[in-house]
Every structure is written in C-alpha cells, then in structure tokens.
$ cat coords29.tsv   # TSV, C-alpha atoms
chain	number	residue	atom	x	y	z
A	868	MET	CA	-49.37	-18.08	-23.31
A	869	GLN	CA	-49.54	-15.01	-21.12
A	870	THR	CA	-49.52	-17.21	-18.01
A	871	LYS	CA	-46.44	-19.14	-19.18
A	872	ARG	CA	-44.63	-15.93	-20.03
A	873	SER	CA	-45.56	-14.54	-16.66
A	874	GLN	CA	-44.22	-17.62	-14.89
A	875	PHE	CA	-40.99	-17.41	-16.90
A	876	TYR	CA	-40.69	-13.74	-15.98
A	877	GLN	CA	-41.28	-14.43	-12.29
A	878	ARG	CA	-38.91	-17.41	-12.15
A	879	PHE	CA	-35.98	-15.97	-14.12
A	880	LEU	CA	-36.23	-12.35	-15.24
A	881	ASN	CA	-37.61	-11.02	-11.98
A	882	ASN	CA	-35.65	-13.36	-9.71
A	883	LYS	CA	-32.68	-11.74	-8.01
A	884	PHE	CA	-30.78	-15.00	-7.51
A	885	ALA	CA	-31.27	-16.04	-11.14
A	886	VAL	CA	-30.12	-12.65	-12.43
A	887	ILE	CA	-27.04	-12.67	-10.17
A	888	LEU	CA	-26.24	-16.23	-11.25
A	889	VAL	CA	-26.50	-15.34	-14.95
A	890	ASP	CA	-24.33	-12.25	-14.43
A	891	LEU	CA	-21.73	-14.35	-12.62
A	892	VAL	CA	-21.67	-16.95	-15.40
A	893	LEU	CA	-21.25	-14.21	-18.02
A	894	ALA	CA	-18.44	-12.61	-16.02
A	895	LEU	CA	-16.61	-15.94	-15.68
A	896	LEU	CA	-17.12	-16.59	-19.40
A	897	ALA	CA	-15.63	-13.20	-20.24
A	898	ILE	CA	-12.64	-13.90	-17.97
A	899	PHE	CA	-12.16	-17.30	-19.63
A	900	ILE	CA	-12.20	-15.73	-23.09
A	901	PHE	CA	-9.69	-13.07	-22.05
A	902	THR	CA	-7.32	-15.76	-20.74
A	903	LYS	CA	-7.39	-17.42	-24.16
A	904	ILE	CA	-6.45	-14.20	-25.98
A	905	ALA	CA	-4.07	-12.82	-23.35
A	906	TRP	CA	-1.33	-12.50	-25.97
A	907	VAL	CA	-3.33	-9.68	-27.58
A	908	PHE	CA	-2.86	-7.56	-24.45
A	909	GLN	CA	0.84	-8.33	-24.00
A	910	PRO	CA	1.98	-5.12	-25.77
A	911	VAL	CA	-0.35	-3.14	-23.49
A	912	VAL	CA	1.11	-4.85	-20.41
A	913	SER	CA	4.65	-4.12	-21.61
A	914	PHE	CA	3.76	-0.48	-22.23
A	915	LEU	CA	2.17	-0.11	-18.79
A	916	SER	CA	5.18	-1.74	-17.11
A	917	ILE	CA	7.29	1.10	-18.50
A	918	VAL	CA	4.84	3.98	-18.03
A	919	ALA	CA	3.19	3.02	-14.74
A	920	PRO	CA	6.16	3.34	-12.28
A	921	PRO	CA	6.88	7.06	-12.91
A	922	PHE	CA	3.16	7.88	-12.87
A	923	ILE	CA	2.65	5.97	-9.60
A	924	LEU	CA	5.62	7.73	-7.98
A	925	ALA	CA	4.43	11.10	-9.29
A	926	GLY	CA	0.91	10.37	-8.04
A	927	ILE	CA	2.15	9.57	-4.54
A	928	LEU	CA	4.23	12.76	-4.43
A	929	PHE	CA	1.28	14.69	-5.87
A	930	TYR	CA	-0.96	13.73	-2.96
A	931	MET	CA	1.79	14.61	-0.47
A	932	LEU	CA	2.72	18.00	-1.97
A	933	THR	CA	-0.67	19.26	-3.16
A	934	PRO	CA	-1.76	20.52	0.31
A	935	VAL	CA	1.46	22.55	0.60
A	936	VAL	CA	1.13	24.03	-2.89
A	937	ASN	CA	-2.54	24.88	-2.33
A	938	TRP	CA	-1.72	26.49	1.02
A	939	LEU	CA	0.96	28.71	-0.57
A	940	HIS	CA	-1.35	29.54	-3.47
A	941	GLN	CA	-4.17	30.53	-1.12
A	942	ARG	CA	-1.76	32.90	0.63
A	943	GLY	CA	-1.48	34.91	-2.60
A	944	LEU	CA	1.59	33.24	-4.10
A	945	ASN	CA	1.61	32.49	-7.81
A	946	ARG	CA	1.01	28.77	-8.37
A	947	LEU	CA	4.14	28.31	-10.49
A	948	LEU	CA	6.22	30.04	-7.83
A	949	ALA	CA	4.58	27.92	-5.12
A	950	ILE	CA	5.45	24.74	-7.05
A	951	ALA	CA	9.04	25.98	-7.53
A	952	LEU	CA	9.40	26.67	-3.79
A	953	VAL	CA	8.04	23.20	-2.94
A	954	PHE	CA	10.47	21.59	-5.39
A	955	LEU	CA	13.37	23.52	-3.86
A	956	LEU	CA	12.24	22.44	-0.39
A	957	VAL	CA	12.11	18.78	-1.44
A	958	ILE	CA	15.53	19.02	-3.10
A	959	GLY	CA	16.92	20.64	0.04
A	960	LEU	CA	15.54	17.83	2.21
A	961	ILE	CA	17.03	15.23	-0.12
A	962	VAL	CA	20.44	16.92	-0.04
A	963	LEU	CA	20.25	17.18	3.76
A	964	ALA	CA	19.40	13.49	4.01
A	965	ILE	CA	22.24	12.51	1.70
A	966	THR	CA	24.82	14.57	3.59
A	967	ARG	CA	23.64	14.02	7.16
A	968	VAL	CA	21.66	10.79	7.37
A	969	VAL	CA	22.94	8.51	4.61
A	970	PRO	CA	26.65	8.37	5.68
A	971	PRO	CA	26.00	7.03	9.22
A	972	ILE	CA	23.41	4.58	7.87
A	973	GLU	CA	25.87	3.40	5.22
A	974	SER	CA	28.57	2.97	7.87
A	975	GLN	CA	26.23	0.95	10.09
A	976	LEU	CA	25.08	-1.16	7.16
A	977	ARG	CA	28.66	-2.00	6.13
A	978	SER	CA	29.54	-2.85	9.73
A	979	PHE	CA	26.42	-5.01	10.07
A	980	ILE	CA	27.25	-7.00	6.93
A	981	ASN	CA	30.82	-7.62	8.13
A	982	ALA	CA	29.67	-8.65	11.61
A	983	THR	CA	26.80	-10.91	10.50
A	984	PRO	CA	28.68	-14.21	11.14
A	985	THR	CA	29.62	-13.05	14.65
A	986	TYR	CA	26.06	-12.04	15.46
A	987	TRP	CA	24.79	-15.35	14.15
A	988	ASP	CA	27.11	-17.22	16.51
A	989	GLU	CA	25.99	-15.00	19.39
A	990	PHE	CA	22.33	-15.61	18.53
A	991	VAL	CA	22.88	-19.38	18.44
A	992	ARG	CA	24.69	-19.18	21.79
A	993	TRP	CA	21.82	-17.15	23.26
A	994	ILE	CA	19.27	-19.70	22.05
A	995	THR	CA	21.40	-22.50	23.47
A	996	ASP	CA	21.65	-20.83	26.88
A	997	LEU	CA	17.92	-20.17	26.91
A	998	ASN	CA	17.21	-23.77	26.00
A	999	ASN	CA	19.55	-25.06	28.71
A	1000	GLN	CA	17.55	-23.14	31.27
A	1001	GLN	CA	14.21	-24.41	30.00
A	1002	ASN	CA	15.20	-27.88	28.72
A	1003	ILE	CA	12.98	-27.60	25.63
A	1004	PHE	CA	15.30	-29.10	23.00
A	1005	SER	CA	18.37	-31.26	23.23
A	1006	ASP	CA	21.80	-29.99	22.14
A	1007	LYS	CA	21.74	-32.40	19.25
A	1008	GLN	CA	18.41	-31.03	18.00
A	1009	LEU	CA	19.66	-27.45	18.28
A	1010	SER	CA	22.85	-28.26	16.40
A	1011	GLN	CA	20.86	-30.02	13.69
A	1012	PHE	CA	18.46	-27.07	13.44
A	1013	ALA	CA	21.32	-24.56	13.18
A	1014	GLY	CA	23.03	-26.68	10.54
A	1015	GLU	CA	19.86	-26.87	8.47
A	1016	ILE	CA	19.46	-23.08	8.61
A	1017	GLN	CA	23.09	-22.52	7.55
A	1018	THR	CA	22.71	-25.03	4.71
A	1019	TRP	CA	19.51	-23.34	3.53
A	1020	VAL	CA	21.12	-19.89	3.64
A	1021	SER	CA	24.19	-21.07	1.74
A	1022	LYS	CA	22.05	-22.75	-0.92
A	1023	ARG	CA	19.89	-19.67	-1.29
A	1024	GLY	CA	22.99	-17.51	-1.56
A	1025	SER	CA	24.48	-19.67	-4.31
A	1026	THR	CA	21.13	-19.78	-6.11
A	1027	ILE	CA	20.77	-16.01	-5.95
A	1028	LEU	CA	24.36	-15.55	-7.15
A	1029	SER	CA	23.96	-17.94	-10.08
A	1030	GLY	CA	20.61	-16.42	-10.95
A	1031	THR	CA	22.11	-12.95	-10.80
A	1032	LEU	CA	24.95	-13.87	-13.10
A	1033	SER	CA	22.62	-15.60	-15.55
A	1034	SER	CA	20.10	-12.76	-15.63
A	1035	LEU	CA	22.40	-9.77	-15.99
A	1036	SER	CA	20.16	-8.35	-18.70
A	1037	SER	CA	17.21	-8.40	-16.30
A	1038	ILE	CA	19.23	-6.47	-13.72
A	1039	ILE	CA	20.24	-3.89	-16.31
A	1040	SER	CA	16.59	-3.58	-17.36
A	1041	THR	CA	15.53	-3.04	-13.74
A	1042	VAL	CA	18.21	-0.39	-13.21
A	1043	GLY	CA	17.08	1.30	-16.41
A	1044	THR	CA	13.48	1.32	-15.21
A	1045	VAL	CA	14.54	2.90	-11.90
A	1046	VAL	CA	16.58	5.57	-13.70
A	1047	VAL	CA	13.71	6.36	-16.07
A	1048	THR	CA	11.26	6.52	-13.16
A	1049	VAL	CA	13.43	8.86	-11.10
A	1050	ALA	CA	14.15	11.07	-14.13
A	1051	THR	CA	10.61	11.38	-15.48
A	1052	ALA	CA	8.56	11.39	-12.26
A	1053	PRO	CA	9.49	15.01	-11.34
A	1054	ILE	CA	8.40	16.21	-14.80
A	1055	ILE	CA	5.07	14.40	-14.51
A	1056	LEU	CA	4.69	15.70	-10.96
A	1057	PHE	CA	5.23	19.30	-12.09
A	1058	PHE	CA	2.42	19.15	-14.65
A	1059	MET	CA	0.15	17.31	-12.19
A	1060	LEU	CA	0.65	20.08	-9.62
A	1061	LYS	CA	0.25	22.80	-12.24
A	1062	GLU	CA	-2.79	21.45	-14.10
A	1063	GLY	CA	-4.22	18.87	-11.72
A	1064	ASN	CA	-7.57	20.69	-11.47
A	1065	LYS	CA	-8.02	20.33	-15.25
A	1066	PHE	CA	-7.85	16.53	-15.34
A	1067	THR	CA	-11.39	15.90	-14.08
A	1068	PRO	CA	-13.11	18.28	-16.57
A	1069	MET	CA	-11.10	16.71	-19.42
A	1070	ILE	CA	-12.29	13.24	-18.43
A	1071	LEU	CA	-15.89	14.38	-17.91
A	1072	HIS	CA	-16.03	15.75	-21.48
A	1073	LEU	CA	-15.72	12.15	-22.68
A	1074	VAL	CA	-18.66	11.00	-20.54
A	1075	PRO	CA	-22.28	11.29	-21.76
A	1076	THR	CA	-23.98	14.40	-20.42
A	1077	LYS	CA	-26.54	12.56	-18.28
A	1078	GLN	CA	-23.85	10.59	-16.47
A	1079	ARG	CA	-21.40	13.45	-15.90
A	1080	LYS	CA	-22.64	14.41	-12.46
A	1081	SER	CA	-22.58	10.88	-11.03
A	1082	PHE	CA	-19.27	10.13	-12.74
A	1083	GLY	CA	-17.78	13.35	-11.38
A	1084	ASP	CA	-18.98	12.47	-7.87
A	1085	MET	CA	-17.34	9.07	-8.23
A	1086	LEU	CA	-14.02	10.61	-9.32
A	1087	HIS	CA	-14.19	13.06	-6.42
A	1088	GLU	CA	-14.84	10.25	-3.94
A	1089	MET	CA	-11.91	8.25	-5.34
A	1090	ASN	CA	-9.62	11.25	-5.12
A	1091	VAL	CA	-10.60	12.05	-1.52
A	1092	LYS	CA	-10.28	8.49	-0.21
A	1093	VAL	CA	-7.04	7.61	-2.00
A	1094	GLY	CA	-5.54	11.01	-1.22
A	1095	SER	CA	-6.34	10.80	2.48
A	1096	TYR	CA	-4.97	7.25	2.63
A	1097	VAL	CA	-1.68	8.11	0.88
A	1098	GLN	CA	-1.13	11.28	2.90
A	1099	GLY	CA	-1.99	9.63	6.20
A	1100	GLN	CA	0.01	6.43	5.66
A	1101	LEU	CA	3.17	8.19	4.43
A	1102	THR	CA	3.04	10.81	7.18
A	1103	VAL	CA	2.66	8.17	9.88
A	1104	ALA	CA	5.37	5.98	8.31
A	1105	ILE	CA	7.90	8.83	8.24
A	1106	ALA	CA	7.06	9.77	11.84
A	1107	VAL	CA	7.38	6.14	12.98
A	1108	GLY	CA	10.76	5.79	11.28
A	1109	ILE	CA	12.06	8.95	12.97
A	1110	ILE	CA	10.77	7.86	16.39
A	1111	PHE	CA	12.42	4.46	16.11
A	1112	MET	CA	15.72	5.91	14.87
A	1113	VAL	CA	15.83	8.40	17.75
A	1114	GLY	CA	14.67	5.85	20.32
A	1115	TYR	CA	17.13	3.15	19.28
A	1116	SER	CA	19.96	5.70	19.23
A	1117	ILE	CA	19.11	6.86	22.77
A	1118	ILE	CA	19.16	3.35	24.25
A	1119	GLY	CA	22.34	2.48	22.35
A	1120	LEU	CA	20.98	-0.34	20.19
A	1121	ARG	CA	23.49	-1.48	17.62
A	1122	TYR	CA	22.51	-0.52	14.08
A	1123	GLY	CA	19.53	1.40	15.45
A	1124	LEU	CA	19.49	3.73	12.43
A	1125	ILE	CA	19.11	0.76	10.08
A	1126	PHE	CA	16.28	-0.78	12.11
A	1127	GLY	CA	14.54	2.60	12.41
A	1128	MET	CA	14.83	3.28	8.69
A	1129	LEU	CA	13.48	-0.22	7.99
A	1130	ALA	CA	10.45	0.48	10.19
A	1131	ALA	CA	9.25	3.37	7.98
A	1132	PRO	CA	8.40	1.39	4.80
A	1133	LEU	CA	7.23	-1.61	6.80
A	1134	ASN	CA	4.73	0.62	8.60
A	1135	LEU	CA	2.97	1.11	5.24
A	1136	ILE	CA	1.67	-2.46	5.71
A	1137	PRO	CA	-1.37	-2.25	8.01
A	1138	TYR	CA	-1.44	-4.48	11.11
A	1139	PHE	CA	1.66	-6.49	10.15
A	1140	GLY	CA	4.19	-3.73	9.45
A	1141	SER	CA	4.95	-2.70	13.03
A	1142	ALA	CA	5.35	-6.32	14.16
A	1143	LEU	CA	7.73	-7.08	11.28
A	1144	ALA	CA	9.79	-3.98	12.07
A	1145	MET	CA	10.10	-5.05	15.71
A	1146	VAL	CA	11.54	-8.52	15.02
A	1147	PRO	CA	15.13	-7.60	13.92
A	1148	ALA	CA	15.42	-4.99	16.69
A	1149	LEU	CA	14.34	-7.54	19.31
A	1150	ILE	CA	16.87	-10.07	18.01
A	1151	MET	CA	19.67	-7.51	18.19
A	1152	GLY	CA	18.50	-6.45	21.65
A	1153	ALA	CA	18.52	-10.07	22.82
A	1154	ILE	CA	22.07	-10.48	21.50
A	1155	GLN	CA	23.24	-7.38	23.39
A	1156	GLY	CA	21.67	-8.54	26.64
A	1157	PRO	CA	18.45	-8.73	28.66
A	1158	LYS	CA	18.51	-5.02	29.55
A	1159	MET	CA	18.73	-4.00	25.92
A	1160	PHE	CA	15.97	-6.47	25.04
A	1161	ILE	CA	13.69	-4.79	27.60
A	1162	ALA	CA	14.78	-1.33	26.39
A	1163	VAL	CA	13.73	-2.23	22.81
A	1164	ILE	CA	10.31	-3.28	24.09
A	1165	VAL	CA	10.02	0.03	25.98
A	1166	VAL	CA	10.90	1.99	22.81
A	1167	PHE	CA	8.32	0.05	20.85
A	1168	PHE	CA	5.69	0.71	23.52
A	1169	ILE	CA	6.48	4.46	23.53
A	1170	GLU	CA	6.28	4.53	19.72
A	1171	TRP	CA	2.94	2.72	19.81
A	1172	LEU	CA	1.54	5.27	22.27
A	1173	LEU	CA	2.77	8.24	20.22
A	1174	GLU	CA	1.47	6.74	16.97
A	1175	THR	CA	-1.99	5.75	18.20
A	1176	GLN	CA	-2.67	8.60	20.61
A	1177	LEU	CA	-0.89	11.59	19.07
A	1178	ILE	CA	0.25	11.16	15.45
A	1179	SER	CA	-2.60	9.26	13.81
A	1180	PRO	CA	-5.42	11.43	15.23
A	1181	PHE	CA	-3.77	14.59	13.88
A	1182	VAL	CA	-2.87	13.43	10.38
A	1183	MET	CA	-5.23	12.75	7.50
A	1184	GLY	CA	-5.93	9.13	8.31
A	1185	SER	CA	-7.48	6.52	6.09
A	1186	LYS	CA	-11.20	6.97	5.43
A	1187	LEU	CA	-11.59	3.80	3.42
A	1188	GLU	CA	-14.19	2.37	5.82
A	1189	MET	CA	-12.98	-1.22	5.48
A	1190	HIS	CA	-13.49	-4.03	7.94
A	1191	PRO	CA	-10.22	-5.37	9.39
A	1192	ILE	CA	-10.93	-8.83	7.95
A	1193	THR	CA	-11.33	-7.25	4.50
A	1194	ILE	CA	-7.98	-5.49	4.90
A	1195	VAL	CA	-6.25	-8.74	5.88
A	1196	VAL	CA	-7.77	-10.60	2.90
A	1197	VAL	CA	-6.76	-7.80	0.51
A	1198	LEU	CA	-3.20	-7.78	1.89
A	1199	LEU	CA	-2.84	-11.55	1.52
A	1200	THR	CA	-4.34	-11.60	-1.98
A	1201	ALA	CA	-2.50	-8.56	-3.33
A	1202	GLY	CA	0.76	-9.72	-1.77
A	1203	SER	CA	0.43	-13.14	-3.34
A	1204	MET	CA	-0.36	-11.69	-6.77
A	1205	PHE	CA	1.91	-8.63	-6.94
A	1206	GLY	CA	4.43	-9.00	-4.12
A	1207	LEU	CA	5.50	-6.04	-1.98
A	1208	VAL	CA	3.98	-3.54	-4.41
A	1209	GLY	CA	0.63	-5.29	-4.06
A	1210	VAL	CA	0.85	-5.19	-0.26
A	1211	ILE	CA	1.47	-1.43	-0.28
A	1212	LEU	CA	-0.92	-0.42	-3.08
A	1213	GLY	CA	-3.51	-3.18	-2.65
A	1214	ILE	CA	-5.71	-1.34	-0.13
A	1215	PRO	CA	-6.12	1.96	-2.04
A	1216	GLY	CA	-6.57	-0.06	-5.24
A	1217	PHE	CA	-9.30	-2.12	-3.60
A	1218	ALA	CA	-10.94	1.09	-2.33
A	1219	VAL	CA	-11.12	2.44	-5.89
A	1220	ILE	CA	-12.57	-0.84	-7.20
A	1221	LYS	CA	-15.08	-0.87	-4.36
A	1222	ILE	CA	-16.30	2.65	-5.20
A	1223	VAL	CA	-16.75	1.72	-8.87
A	1224	VAL	CA	-18.56	-1.55	-8.09
A	1225	VAL	CA	-20.89	0.05	-5.52
A	1226	ARG	CA	-21.92	2.83	-7.91
A	1227	LEU	CA	-22.38	0.41	-10.81
A	1228	PHE	CA	-24.59	-1.75	-8.62
A	1229	ARG	CA	-26.66	1.27	-7.58
A	1230	TRP	CA	-27.09	2.17	-11.24
A	1231	TYR	CA	-28.06	-1.43	-12.01
A	1232	GLN	CA	-30.62	-1.36	-9.19
A	1233	GLN	CA	-32.18	1.74	-10.70
A	1234	VAL	CA	-32.35	0.69	-14.35
A	1235	SER	CA	-33.15	-3.01	-13.90
A	1236	GLY	CA	-36.35	-2.55	-11.95
A	1237	LEU	CA	-35.60	-5.75	-10.03
A	1238	TYR	CA	-35.13	-4.04	-6.66
A	1239	PRO	CA	-38.20	-1.82	-6.25
A	1240	SER	CA	-38.23	-2.07	-2.46
A	1241	ASP	CA	-34.46	-1.66	-2.04
A	1242	VAL	CA	-33.80	1.43	-4.14
A	1243	PRO	CA	-35.09	4.63	-2.64
A	1244	ASP	CA	-33.93	7.64	-4.60
A	1245	LYS	CA	-31.58	8.73	-1.83
A	1246	THR	CA	-29.39	5.62	-2.30
A	1247	LEU	CA	-28.46	6.82	-5.78
A	1248	GLN	CA	-26.80	9.94	-4.41
A	1249	LEU	CA	-24.19	10.62	-1.79
A	1250	THR	CA	-25.64	11.16	1.65
A	1251	SER	CA	-25.04	14.43	3.44
A	1252	GLN	CA	-22.56	12.67	5.74
A	1253	GLU	CA	-20.61	11.29	2.74
A	1254	LYS	CA	-20.52	14.74	1.16
A	1255	ALA	CA	-19.26	16.22	4.43
A	1256	ASP	CA	-16.51	13.55	4.62
A	1257	ASN	CA	-15.50	14.10	1.01
A	1258	SER	CA	-15.31	17.85	1.43
A	1259	LYS	CA	-12.70	17.51	4.17

$ encode --input "coords29.tsv" --output "structure tokens"
Amino acid sequence: MQTKRSQFYQRFLNNKFAVILVDLVLALLAIFIFTKIAWVFQPVVSFLSIVAPPFILAGILFYMLTPVVNWLHQRGLNRLLAIALVFLLVIGLIVLAITRVVPPIESQLRSFINATPTYWDEFVRWITDLNNQQNIFSDKQLSQFAGEIQTWVSKRGSTILSGTLSSLSSIISTVGTVVVTVATAPIILFFMLKEGNKFTPMILHLVPTKQRKSFGDMLHEMNVKVGSYVQGQLTVAIAVGIIFMVGYSIIGLRYGLIFGMLAAPLNLIPYFGSALAMVPALIMGAIQGPKMFIAVIVVFFIEWLLETQLISPFVMGSKLEMHPITIVVVLLTAGSMFGLVGVILGIPGFAVIKIVVVRLFRWYQQVSGLYPSDVPDKTLQLTSQEKADNSK
C-alpha cells in the first residue's frame, strides 16, 4: 500500500508537469463557469465603465504631477500650497494652448477638410504619373482601383451617418461620460496628490500580517514600473509632437500643425506609433512635390535622432523589462480586445499582471515543496539590483 501511494505521489503529486496540467484545467474550468454566469457581473461592469475613466485620467495626471509636487514640498512649501501652484500652472498651460495653439490648428483642420477632394485628385494624379514612369499598372487598373476606394469611402460615410443618426442616445451617453470624466478627474487628482502616501498603508491593513511585507513590496514595484512608464511615454510623446510641429512649420508642410499634433498620441504606441505618424505627412509631402517629400523625411530623421539620442535617455523611460516580441503580442492582443485604449494601456497593464503572476508563482514554489532545487531563499525576495531600480 505504501509502495502504491509512493508511486502515485511520484507520478502525480510530485510531478511538475502533472501539477501544471491540473492547474491549467482548473483555471480553464473556472473561466468556463464565469462565462456561464457573466450576467451576474454585468452591474459591476456597468459601474466600472462609469467610474474607471475619471480614475484612469486622474492616475495618469497623478504620475505626471507627483514629481513636481514632491519637489516643491521638499523645498519647504506646504503640500496643499504646492498642489495649488501645480493646478494653477496646469490651468495656465491649458489656457495658453487654447488661446495660442488651438486657433491655428482649428483653421488648418477646417481648411484640410474643405480641400480633401482636391488633395485626393492630386494624390491620384501623382500615383498615375509615378506609374507611367515605372509601368507597373495599366491606366484601366488604376482607374478601377481609385473607383473602388471612392465607392468604399462613400459607403462607409453613409454607414457612419446612418449609424450616427440611429444611435443618437449612444452619442449623448458618450458625451456625458466625457463631461463627467473631465469634471471629476481634477477632484480625484487633488485627493490623490494630497493623500497618495496613505493609500498603501490602508490597503496593507487588509492584508494578513505575515504577507504585508511581500505585498507591500509588490505594490511598490507596480507603482515604480507603471509610474516610470507613464511619465516616460507621455514626456517623450509631448516632445515628439512639439518637434514635428516645429519641423513641419519650418519646411512649410501644409497642415504641419495637424500632423505634428497627431504624432504625439500616436507615439504612445511603441514601435508602430512613429511609423503611423509619418504616413500622412509623407503623403502630403508627395502631393506638394519631391523636395517637400525629401524635407519630410529629413524632419523625421532629425526627430528620430533627438528622440533616441537626447530625449529618451534623459527622461524616466520604461523599466518594464519586456522582450520586443512580448510587446508586439501585447499590443496586438490588447488592441484587438479593447481598441485604442488597449493599445495605449495594454503594456502597463501587462506589466502589473506580470508582477502579480511572478510573485504568486514564487509563493507557490515555496509552499508547494515541488521545486526544492529551484527555490533558493533569495528568489523569494527582491534582489539588490531590483531594490536599487525601484528606489530610483
């Protein structure tokens, strides 16, 4: 009996592959059960859809403004006064942008919309001339291709218009969500800046005493990695937008302010953002002429040098320690599931999930006893290098 029990223990209980397989089956079973009772969580989803946007916006602003508030506070300024000064500074920048930057951008945008048919004809003519020089496609094929594009655009436009008219309530709901987000985010941000250092102790009081230290280290690691990512990405994106706006204005690119402003949010998408931002500027440069096309490439090359050699090394860059393939997979998956929001927030979200999973697996290694040769005590704690990175 002892021999049989020992064989069962060796084959199943003390077998890593068997344990992982059982855990995977249980996880899939739990997911299947949750899909069958998803209606139970619908009120929670509806509540989060209302509450999450202002908290996400406030969290992003919190990571951007916390270093400034802390710097003023360390210089002897009262924290409430430091927060008030930062709020006044942000309001001043918004007013300056509205009065100085928005009007020319609005003028260019209105002009671009009115001139779109003309630019389309010029683009088709440019493609035709290029094709005549290279003899790639026949005139009939080009005409057919252009007609198909125009038909697709017209159908999409009518579909969007009919969908807009039929879903007016959805539009009103979206506008209401935006208004609520903009109105409540500053209030949430104020209390986050004022009492942000109290959040972690409040959460740790709910955790069992023996797990408080490891749980606190996990929260600290999350905060450092997500904070550095948000600060670095937003700083670089703003700098890239300014560089493109200035560069396009210098070379005289039509609607350069619009293309430069578009480059800032697109730069939040790793690897793909800069390439996407370059496409409309290159098309407009090609329409204006070969010299402008080359000038746009020169501006992009200068921006790339400034971003990679000067801006990124001096800002708080991402310390997520992800392989490029992992980043690409996360972008594709998050974008497919959650759209543009998933593309922008997918990487920091994955970093948080990764931290939780890694620490849970380390805890499982320790308590299961199935990995005696793989679990030295030092793997259950942050290494000195990790602590040094997190303290920065």

$ atom_distance --input "coords29.tsv" --atom1 "atom CA of Ala1144 of chain A" --atom2 "atom CA of Pro934 of chain A"
29.5 Å

$ closest_residue --input "coords29.tsv" --among "A:Phe1058, A:Phe908, A:Tyr1231, A:Tyr1122" --to "Ile980 of chain A" --atoms "all atoms listed in the file"
A:Tyr1122

$ closest_residue --input "coords29.tsv" --among "A:Pro1147, A:Gly1108, A:Gly1114, A:Gly1099" --to "Ala1130 of chain A" --atoms "all atoms listed in the file"
A:Gly1108

$ residues_around --input "coords29.tsv" --residues "Phe1066 of chain A" --least-positions-apart "6" --cutoff "12 Å" --atoms "all atoms listed in the file" --output "PDB file with C-alpha atoms, in the frame of the given file"
ATOM      1  CA  PHE A1058       2.420  19.150 -14.650  1.00  0.00           C
ATOM      2  CA  MET A1059       0.150  17.310 -12.190  1.00  0.00           C
ATOM      3  CA  LEU A1060       0.650  20.080  -9.620  1.00  0.00           C
ATOM      4  CA  HIS A1072     -16.030  15.750 -21.480  1.00  0.00           C
ATOM      5  CA  LEU A1073     -15.720  12.150 -22.680  1.00  0.00           C
ATOM      6  CA  GLY A1083     -17.780  13.350 -11.380  1.00  0.00           C
ATOM      7  CA  LEU A1086     -14.020  10.610  -9.320  1.00  0.00           C
ATOM      8  CA  HIS A1087     -14.190  13.060  -6.420  1.00  0.00           C
ATOM      9  CA  ASN A1090      -9.620  11.250  -5.120  1.00  0.00           C
TER      10      ASN A1090
END

$ closest_residue --input "coords29.tsv" --among "A:Gln1176, A:Met1151, A:His1190, A:Gly1213" --to "Thr983 of chain A" --atoms "only C-alpha atoms"
A:Met1151

$ closest_atom_pairs --input "coords29.tsv" --of "segment 1050-1114 of chain A" --to "segment 1220-1223 of chain A" --cutoff "8 Å" --atoms "all atoms listed in the file" --output "JSON lines"
{"residue": "A:Met1085", "atom": "CA", "partner": "A:Ile1222", "partner_atom": "CA", "distance": 7.2}
{"residue": "A:Glu1088", "atom": "CA", "partner": "A:Ile1222", "partner_atom": "CA", "distance": 7.8}
{"residue": "A:Met1089", "atom": "CA", "partner": "A:Ile1222", "partner_atom": "CA", "distance": 7.1}

$ residues_around --input "coords29.tsv" --residues "segment 962-976 of chain A" --least-positions-apart "2" --cutoff "9 Å" --atoms "only C-alpha atoms" --output "PDB file with C-alpha atoms, in the coordinates of the input"
ATOM      1  CA  VAL A 957      12.110  18.780  -1.440  1.00  0.00           C
ATOM      2  CA  ILE A 958      15.530  19.020  -3.100  1.00  0.00           C
ATOM      3  CA  GLY A 959      16.920  20.640   0.040  1.00  0.00           C
ATOM      4  CA  LEU A 960      15.540  17.830   2.210  1.00  0.00           C
ATOM      5  CA  SER A 978      29.540  -2.850   9.730  1.00  0.00           C
ATOM      6  CA  PHE A 979      26.420  -5.010  10.070  1.00  0.00           C
ATOM      7  CA  ILE A 980      27.250  -7.000   6.930  1.00  0.00           C
ATOM      8  CA  ASN A 981      30.820  -7.620   8.130  1.00  0.00           C
ATOM      9  CA  ARG A1121      23.490  -1.480  17.620  1.00  0.00           C
ATOM     10  CA  TYR A1122      22.510  -0.520  14.080  1.00  0.00           C
ATOM     11  CA  GLY A1123      19.530   1.400  15.450  1.00  0.00           C
ATOM     12  CA  LEU A1124      19.490   3.730  12.430  1.00  0.00           C
ATOM     13  CA  ILE A1125      19.110   0.760  10.080  1.00  0.00           C
ATOM     14  CA  MET A1128      14.830   3.280   8.690  1.00  0.00           C
TER      15      MET A1128
END

$ residues_near_point --input "coords29.tsv" --point "(8.0, -1.5, 22.8)" --cutoff "12 Å" --atoms "all atoms listed in the file" --output "PyMOL selection string"
chain A and resi 1110-1111+1114-1115+1141-1142+1144-1146+1148-1149+1152+1159-1173

$ closest_residue --input "coords29.tsv" --among "A:Leu1129, A:Val1210, A:Ile1055, A:Ile887" --to "Pro920 of chain A" --atoms "all atoms listed in the file"
A:Ile1055

$ atom_distance --input "coords29.tsv" --atom1 "atom CA of Ile1109 of chain A" --atom2 "atom CA of Ala1052 of chain A"
25.6 Å

$ closest_residue --input "coords29.tsv" --among "A:Lys1080, A:Ile1178, A:Trp1230, A:Leu1135" --to "Ala1106 of chain A" --atoms "all atoms listed in the file"
A:Ile1178

$ atom_distance --input "coords29.tsv" --atom1 "atom CA of Pro1137 of chain A" --atom2 "atom CA of Pro1180 of chain A"
16.0 Å

$ closest_residue --input "coords29.tsv" --among "A:Leu1120, A:Val1074, A:Val886, A:Pro1053" --to "Leu955 of chain A" --atoms "all atoms listed in the file"
A:Pro1053
